[in-house]
file upload.txt (compact mmCIF, C-alpha atoms)
# COMPACT_ATOMS: atom_id res chain seq x y z
CA MET A 1 -10.03 -45.61 10.12
CA GLY A 2 -11.39 -44.23 13.32
CA ASP A 3 -13.52 -41.16 13.82
CA GLY A 4 -10.46 -39.12 14.82
CA ALA A 5 -8.40 -40.14 11.80
CA SER A 6 -11.27 -39.19 9.50
CA ASN A 7 -10.56 -35.54 10.31
CA GLN A 8 -7.12 -35.69 8.73
CA GLY A 9 -6.41 -34.08 5.37
CA GLN A 10 -5.14 -37.20 3.64
CA VAL A 11 -8.57 -38.78 4.08
CA ALA A 12 -10.20 -35.97 2.10
CA GLU A 13 -7.46 -36.27 -0.51
CA SER A 14 -7.98 -40.01 -0.85
CA TYR A 15 -11.76 -39.52 -1.17
CA ASN A 16 -11.14 -37.06 -4.00
CA MET A 17 -8.78 -39.35 -5.94
CA ALA A 18 -10.88 -42.47 -5.36
CA SER A 19 -13.97 -40.69 -6.69
CA LEU A 20 -12.15 -39.09 -9.60
CA TRP A 21 -10.69 -42.41 -10.73
CA LYS A 22 -13.71 -44.50 -9.64
CA LEU A 23 -11.46 -46.70 -7.53
CA PRO A 24 -13.00 -49.78 -5.91
CA VAL A 25 -12.49 -48.61 -2.32
CA LEU A 26 -14.67 -49.34 0.68
CA TYR A 27 -13.96 -46.75 3.36
CA ILE A 28 -14.99 -47.82 6.84
CA VAL A 29 -15.10 -45.16 9.54
CA GLU A 30 -15.28 -46.72 13.00
CA ASN A 31 -17.10 -44.24 15.16
CA ASN A 32 -16.54 -45.54 18.68
CA GLN A 33 -17.43 -42.16 20.21
CA TYR A 34 -13.85 -41.30 21.21
CA SER A 35 -10.78 -40.23 19.28
CA MET A 36 -8.10 -41.61 21.57
CA GLY A 37 -9.47 -39.99 24.74
CA THR A 38 -11.38 -37.10 23.19
CA ALA A 39 -15.17 -37.36 23.00
CA ILE A 40 -16.51 -37.06 19.47
CA HIS A 41 -18.43 -33.83 20.15
CA ARG A 42 -15.12 -32.20 21.17
CA HIS A 43 -13.24 -32.98 17.93
CA THR A 44 -15.78 -32.53 15.14
CA PRO A 45 -18.86 -30.36 14.63
CA ASN A 46 -20.48 -32.91 12.29
CA THR A 47 -20.51 -36.58 13.26
CA ASN A 48 -22.03 -37.78 9.98
CA PHE A 49 -18.74 -39.13 8.61
CA TYR A 50 -20.56 -41.15 5.97
CA LYS A 51 -21.76 -37.90 4.34
CA ARG A 52 -18.28 -36.46 3.95
CA GLY A 53 -18.01 -37.92 0.46
CA GLU A 54 -21.25 -36.43 -0.86
CA ALA A 55 -19.57 -33.43 -2.48
CA LEU A 56 -17.36 -35.92 -4.35
CA ASN A 57 -20.24 -38.20 -5.39
CA ILE A 58 -19.29 -40.91 -2.90
CA PRO A 59 -22.37 -42.48 -1.34
CA GLY A 60 -22.37 -43.75 2.19
CA GLU A 61 -24.46 -44.84 5.10
CA LYS A 62 -24.46 -45.04 8.87
CA VAL A 63 -24.58 -48.59 10.27
CA ASN A 64 -25.31 -49.93 13.74
CA ALA A 65 -22.05 -51.86 14.07
CA MET A 66 -23.26 -53.44 17.30
CA ASP A 67 -25.65 -55.48 15.09
CA ILE A 68 -23.77 -58.16 13.15
CA PHE A 69 -26.62 -58.58 10.64
CA ALA A 70 -26.83 -54.84 9.95
CA VAL A 71 -23.07 -54.81 9.26
CA GLN A 72 -23.39 -57.78 6.91
CA LYS A 73 -26.29 -56.18 5.01
CA ALA A 74 -24.57 -52.81 4.65
CA ALA A 75 -21.25 -54.37 3.60
CA ARG A 76 -22.98 -56.49 0.97
CA LYS A 77 -24.75 -53.40 -0.45
CA ALA A 78 -21.53 -51.36 -0.48
CA LEU A 79 -19.48 -54.13 -2.08
CA ASP A 80 -22.12 -54.70 -4.77
CA TYR A 81 -21.97 -50.99 -5.57
CA ILE A 82 -18.16 -50.98 -5.71
CA ARG A 83 -17.88 -54.22 -7.71
CA ALA A 84 -20.30 -52.82 -10.30
CA GLY A 85 -17.60 -50.26 -11.15
CA ASN A 86 -19.28 -47.28 -9.49
CA GLY A 87 -16.29 -46.20 -7.43
CA PRO A 88 -15.86 -45.80 -3.65
CA TYR A 89 -18.38 -46.10 -0.83
CA ILE A 90 -18.27 -44.98 2.82
CA LEU A 91 -19.67 -46.97 5.74
CA GLN A 92 -19.81 -45.29 9.13
CA MET A 93 -19.81 -48.03 11.74
CA GLU A 94 -21.44 -46.80 14.94
CA THR A 95 -19.86 -48.78 17.75
CA TYR A 96 -18.41 -48.37 21.20
CA ARG A 97 -15.01 -49.09 22.70
CA TYR A 98 -15.42 -50.64 26.15
CA ARG A 99 -11.81 -50.13 27.17
CA GLY A 100 -9.18 -47.47 26.72
CA HIS A 101 -7.54 -46.79 23.37
CA SER A 102 -4.38 -48.65 24.36
CA MET A 103 -2.81 -50.53 27.27
CA SER A 104 -1.71 -47.19 28.74
CA ASP A 105 -5.18 -45.61 28.54
CA PRO A 106 -7.19 -46.10 31.77
CA ALA A 107 -10.23 -44.44 30.04
CA LYS A 108 -10.88 -42.07 32.95
CA TYR A 109 -12.62 -39.67 30.56
CA ARG A 110 -15.90 -41.61 30.81
CA THR A 111 -18.00 -43.07 33.57
CA LYS A 112 -18.65 -46.71 34.44
CA LYS A 113 -22.35 -45.94 33.98
CA GLU A 114 -21.71 -44.86 30.37
CA VAL A 115 -19.74 -48.02 29.54
CA ASP A 116 -22.28 -50.29 31.26
CA GLY A 117 -25.07 -48.53 29.35
CA TYR A 118 -23.49 -49.52 26.04
CA LYS A 119 -22.80 -53.07 27.17
CA SER A 120 -26.34 -53.67 28.40
CA GLY A 121 -28.20 -55.27 25.50
CA ASN A 122 -25.85 -53.88 22.84
CA ASP A 123 -22.87 -56.22 22.92
CA PRO A 124 -22.72 -57.83 19.45
CA ILE A 125 -21.00 -61.00 20.65
CA LEU A 126 -23.43 -61.61 23.49
CA ASN A 127 -26.38 -60.78 21.22
CA MET A 128 -25.17 -63.23 18.57
CA ARG A 129 -24.63 -65.88 21.19
CA GLN A 130 -28.23 -65.41 22.37
CA GLU A 131 -29.48 -65.49 18.77
CA LEU A 132 -27.67 -68.76 18.04
CA VAL A 133 -28.98 -70.46 21.18
CA SER A 134 -32.56 -69.15 20.96
CA ASN A 135 -32.81 -70.25 17.31
CA LYS A 136 -31.36 -73.64 18.24
CA ILE A 137 -28.43 -73.26 15.85
CA CYS A 138 -26.14 -74.38 18.64
CA THR A 139 -26.17 -74.90 22.38
CA GLU A 140 -24.45 -73.04 25.20
CA ALA A 141 -22.18 -76.07 25.63
CA GLU A 142 -21.15 -75.94 21.96
CA LEU A 143 -20.45 -72.23 22.21
CA SER A 144 -18.41 -72.75 25.37
CA ASP A 145 -16.39 -75.41 23.54
CA ILE A 146 -15.76 -72.95 20.69
CA ASP A 147 -14.66 -70.29 23.22
CA THR A 148 -12.22 -72.74 24.79
CA ARG A 149 -10.75 -73.76 21.42
CA VAL A 150 -10.42 -70.16 20.24
CA LYS A 151 -8.69 -69.08 23.46
CA LYS A 152 -6.26 -71.97 23.04
CA VAL A 153 -5.44 -70.97 19.44
CA VAL A 154 -4.96 -67.33 20.47
CA LYS A 155 -2.70 -68.31 23.38
CA GLU A 156 -0.60 -70.63 21.19
CA SER A 157 -0.34 -67.99 18.46
CA ALA A 158 0.78 -65.33 20.93
CA GLU A 159 3.37 -67.67 22.43
CA PHE A 160 4.65 -68.57 18.95
CA ALA A 161 4.95 -64.89 18.00
CA GLN A 162 6.75 -64.00 21.23
CA THR A 163 9.22 -66.89 21.07
CA SER A 164 9.97 -66.79 17.32
CA PRO A 165 13.16 -65.11 16.13
CA GLU A 166 12.94 -61.92 14.13
CA PRO A 167 12.89 -62.63 10.37
CA ASP A 168 16.00 -61.95 8.33
CA ALA A 169 16.06 -58.62 6.47
CA SER A 170 16.10 -60.56 3.19
CA GLU A 171 12.46 -61.48 3.90
CA LEU A 172 11.37 -57.85 3.60
CA TYR A 173 10.07 -58.28 0.04
CA THR A 174 8.80 -61.86 0.38
CA ASP A 175 5.22 -62.16 -0.86
CA VAL A 176 5.06 -58.50 -1.91
CA LEU A 177 3.87 -57.76 -5.45
CA ILE A 178 6.55 -55.84 -7.31
CA GLU A 179 5.73 -55.24 -10.97
CA ASP A 180 8.99 -53.43 -11.73
CA GLU A 181 11.85 -55.82 -10.90
CA SER A 182 14.34 -52.94 -10.63
CA HIS A 183 12.90 -52.21 -7.16
CA ALA A 184 13.49 -55.72 -5.83

call {"tool": "encode", "arguments": {"input": "upload.txt", "output": "structure tokens"}}
result
Amino acid sequence: MGDGASNQGQVAESYNMASLWKLPVLYIVENNQYSMGTAIHRHTPNTNFYKRGEALNIPGEKVNAMDIFAVQKAARKALDYIRAGNGPYILQMETYRYRGHSMSDPAKYRTKKEVDGYKSGNDPILNMRQELVSNKICTEAELSDIDTRVKKVVKESAEFAQTSPEPDASELYTDVLIEDESHA
């Protein structure tokens, strides 16, 4: 969920039930600094979303989501906790959205300087690319080849989705687990 959605009542209700029943749930709050077009400081007085489960005995932590290795480390820790049967865990992923919330959002509520400030040295993809090349895991040419292949797969997938017919209504329950056959 995003930072804006975390202010909704059903989130608090799900935290309560997940803690009460020790459900194996990993909650991830993506704090990209804006709820739709509203700056975080304008929609919540406390931006420590990972602490919102403390009263319900749900641990959590804030993670620099612009650092791929920090995300991996935090996710591993949280999943180990959950898989040990301890119940839910909250990870607050501190990140930034470079563009508007949707195609119709020109993001005029922030300055170019602000966006460029986040991009400069913080972009996780560019940082990983630099890490891979500087540690001689792969070359720029190999990464460019990967980029080309990925873009081709994405383009082909989008074309397939746009040109495929809508599925028949009978497919609605295909590959859906239904334990009580009377609902099928």

call {"tool": "residues_around", "arguments": {"input": "upload.txt", "residues": "A:Ile40", "least_positions_apart": "6", "cutoff": "9 Å", "atoms": "all atoms listed in the file", "output": "list in words"}}
result
Asp3, Gly4, Asn31, Asn32, Gln33, Tyr34 and Thr47 of chain A

call {"tool": "atom_distance", "arguments": {"input": "upload.txt", "atom1": "atom CA of A:Ile68", "atom2": "atom CA of A:Arg129"}}
result
11.2 Å

call {"tool": "closest_atom_pairs", "arguments": {"input": "upload.txt", "of": "stretch 68-135 of chain A", "to": "stretch 12-20 of chain A", "cutoff": "12 Å", "atoms": "all atoms listed in the file", "output": "tab-separated table"}}
result
residue	atom	partner	partner_atom	distance
A:Ile82	CA	A:Ser19	CA	11.2
A:Gly85	CA	A:Ser19	CA	11.2
A:Asn86	CA	A:Ser19	CA	8.9
A:Gly87	CA	A:Ser19	CA	6.0
A:Pro88	CA	A:Ala18	CA	6.2
A:Tyr89	CA	A:Ser19	CA	9.1
A:Ile90	CA	A:Tyr15	CA	9.4

call {"tool": "atom_distance", "arguments": {"input": "upload.txt", "atom1": "atom CA of A:Val133", "atom2": "atom CA of A:Val63"}}
result
24.8 Å

call {"tool": "residues_around", "arguments": {"input": "upload.txt", "residues": "A:Arg110", "least_positions_apart": "6", "cutoff": "10 Å", "atoms": "all atoms listed in the file", "output": "JSON list (two decimals) with C-alpha atoms, in the coordinates of the input"}}
result
[["chain", "number", "residue", "atom", "x", "y", "z"],
["A", 34, "TYR", "CA", -13.85, -41.30, 21.21],
["A", 37, "GLY", "CA", -9.47, -39.99, 24.74],
["A", 38, "THR", "CA", -11.38, -37.10, 23.19],
["A", 39, "ALA", "CA", -15.17, -37.36, 23.00],
["A", 100, "GLY", "CA", -9.18, -47.47, 26.72]]
